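Enquirer: Just passing along the structure, written as structure tokens.
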Amino acid sequence: MDEFDAGTQCNMAVVLEEICRVLPYGGDHDTRKHVAERLINAARSGKTTLDELYMIARRAMFPRAC
């Protein structure tokens, strides 16, 4: 993740933790990896605000609800 500035890295970490909080034990490895990959792709495309990242993470976790 060295390709992202500290603010973006922090936002991505906060969103990953918050979105996985609803899962038992914070989610399994595969689920967290799936969400993290979506967040990384979003950040690479320029979506780096908390709101943008939350939207991406929600879509990754709950695709039918969004």
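Ordered as shown in the structure tokens, chains take letters A, B, and onward, while each chain numbers its residues from 1 and ligands are numbered from 1 in the order shown.
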Which residues come within 8 Å of region 39-55 of chain A, counting only C-alpha atoms, excluding same-chain residues fewer than 6 positions away, as a tab-separated table (two decimals) with N, CA and C atoms, in the first residue's frame?

Expert:
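So part_28.tsv came out as:
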chain	number	residue	atom	x	y	z
A	4	PHE	N	-0.23	4.73	-1.77
A	4	PHE	CA	-1.23	5.67	-1.29
A	4	PHE	C	-0.66	6.55	-0.18
A	8	THR	N	-5.16	8.47	2.77
A	8	THR	CA	-5.91	7.44	2.03
A	8	THR	C	-5.77	6.09	2.73
A	11	ASN	N	-8.00	6.15	5.77
A	11	ASN	CA	-9.41	6.03	5.38
A	11	ASN	C	-9.76	4.61	5.01
A	12	MET	N	-8.89	3.96	4.25
A	12	MET	CA	-9.15	2.58	3.83
A	12	MET	C	-9.20	1.64	5.03
A	15	VAL	N	-12.47	2.27	7.07
A	15	VAL	CA	-13.64	1.73	6.38
A	15	VAL	C	-13.66	0.21	6.46
A	19	ILE	N	-16.80	-1.59	8.26
A	19	ILE	CA	-17.72	-2.38	7.45
A	19	ILE	C	-17.73	-3.84	7.90

Enquirer: Which parts of chain A does DSSP call helix (DSSP H, G or I) when run on the backbone here, written out as a PyMOL selection string?

Expert: chain A and resi 6-20+24-26+29-44+50-61

Enquirer: For region 20-24 of chain A, work out the shell of residues within 12 Å, counting only C-alpha atoms and skipping chain neighbours fewer than 2 positions away, then give it as a PyMOL selection string.

Expert: chain A and resi 13-18+26-36+54+57-58+60-62

Enquirer: Restricting the calculation to only C-alpha atoms: of A:Ile56, A:Tyr25, A:Asp5, A:Cys10, which residue gets closest to Glu37 (chain A)?

Expert: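 The answer is A:Ile56, which sits nearest to Glu37 (chain A).
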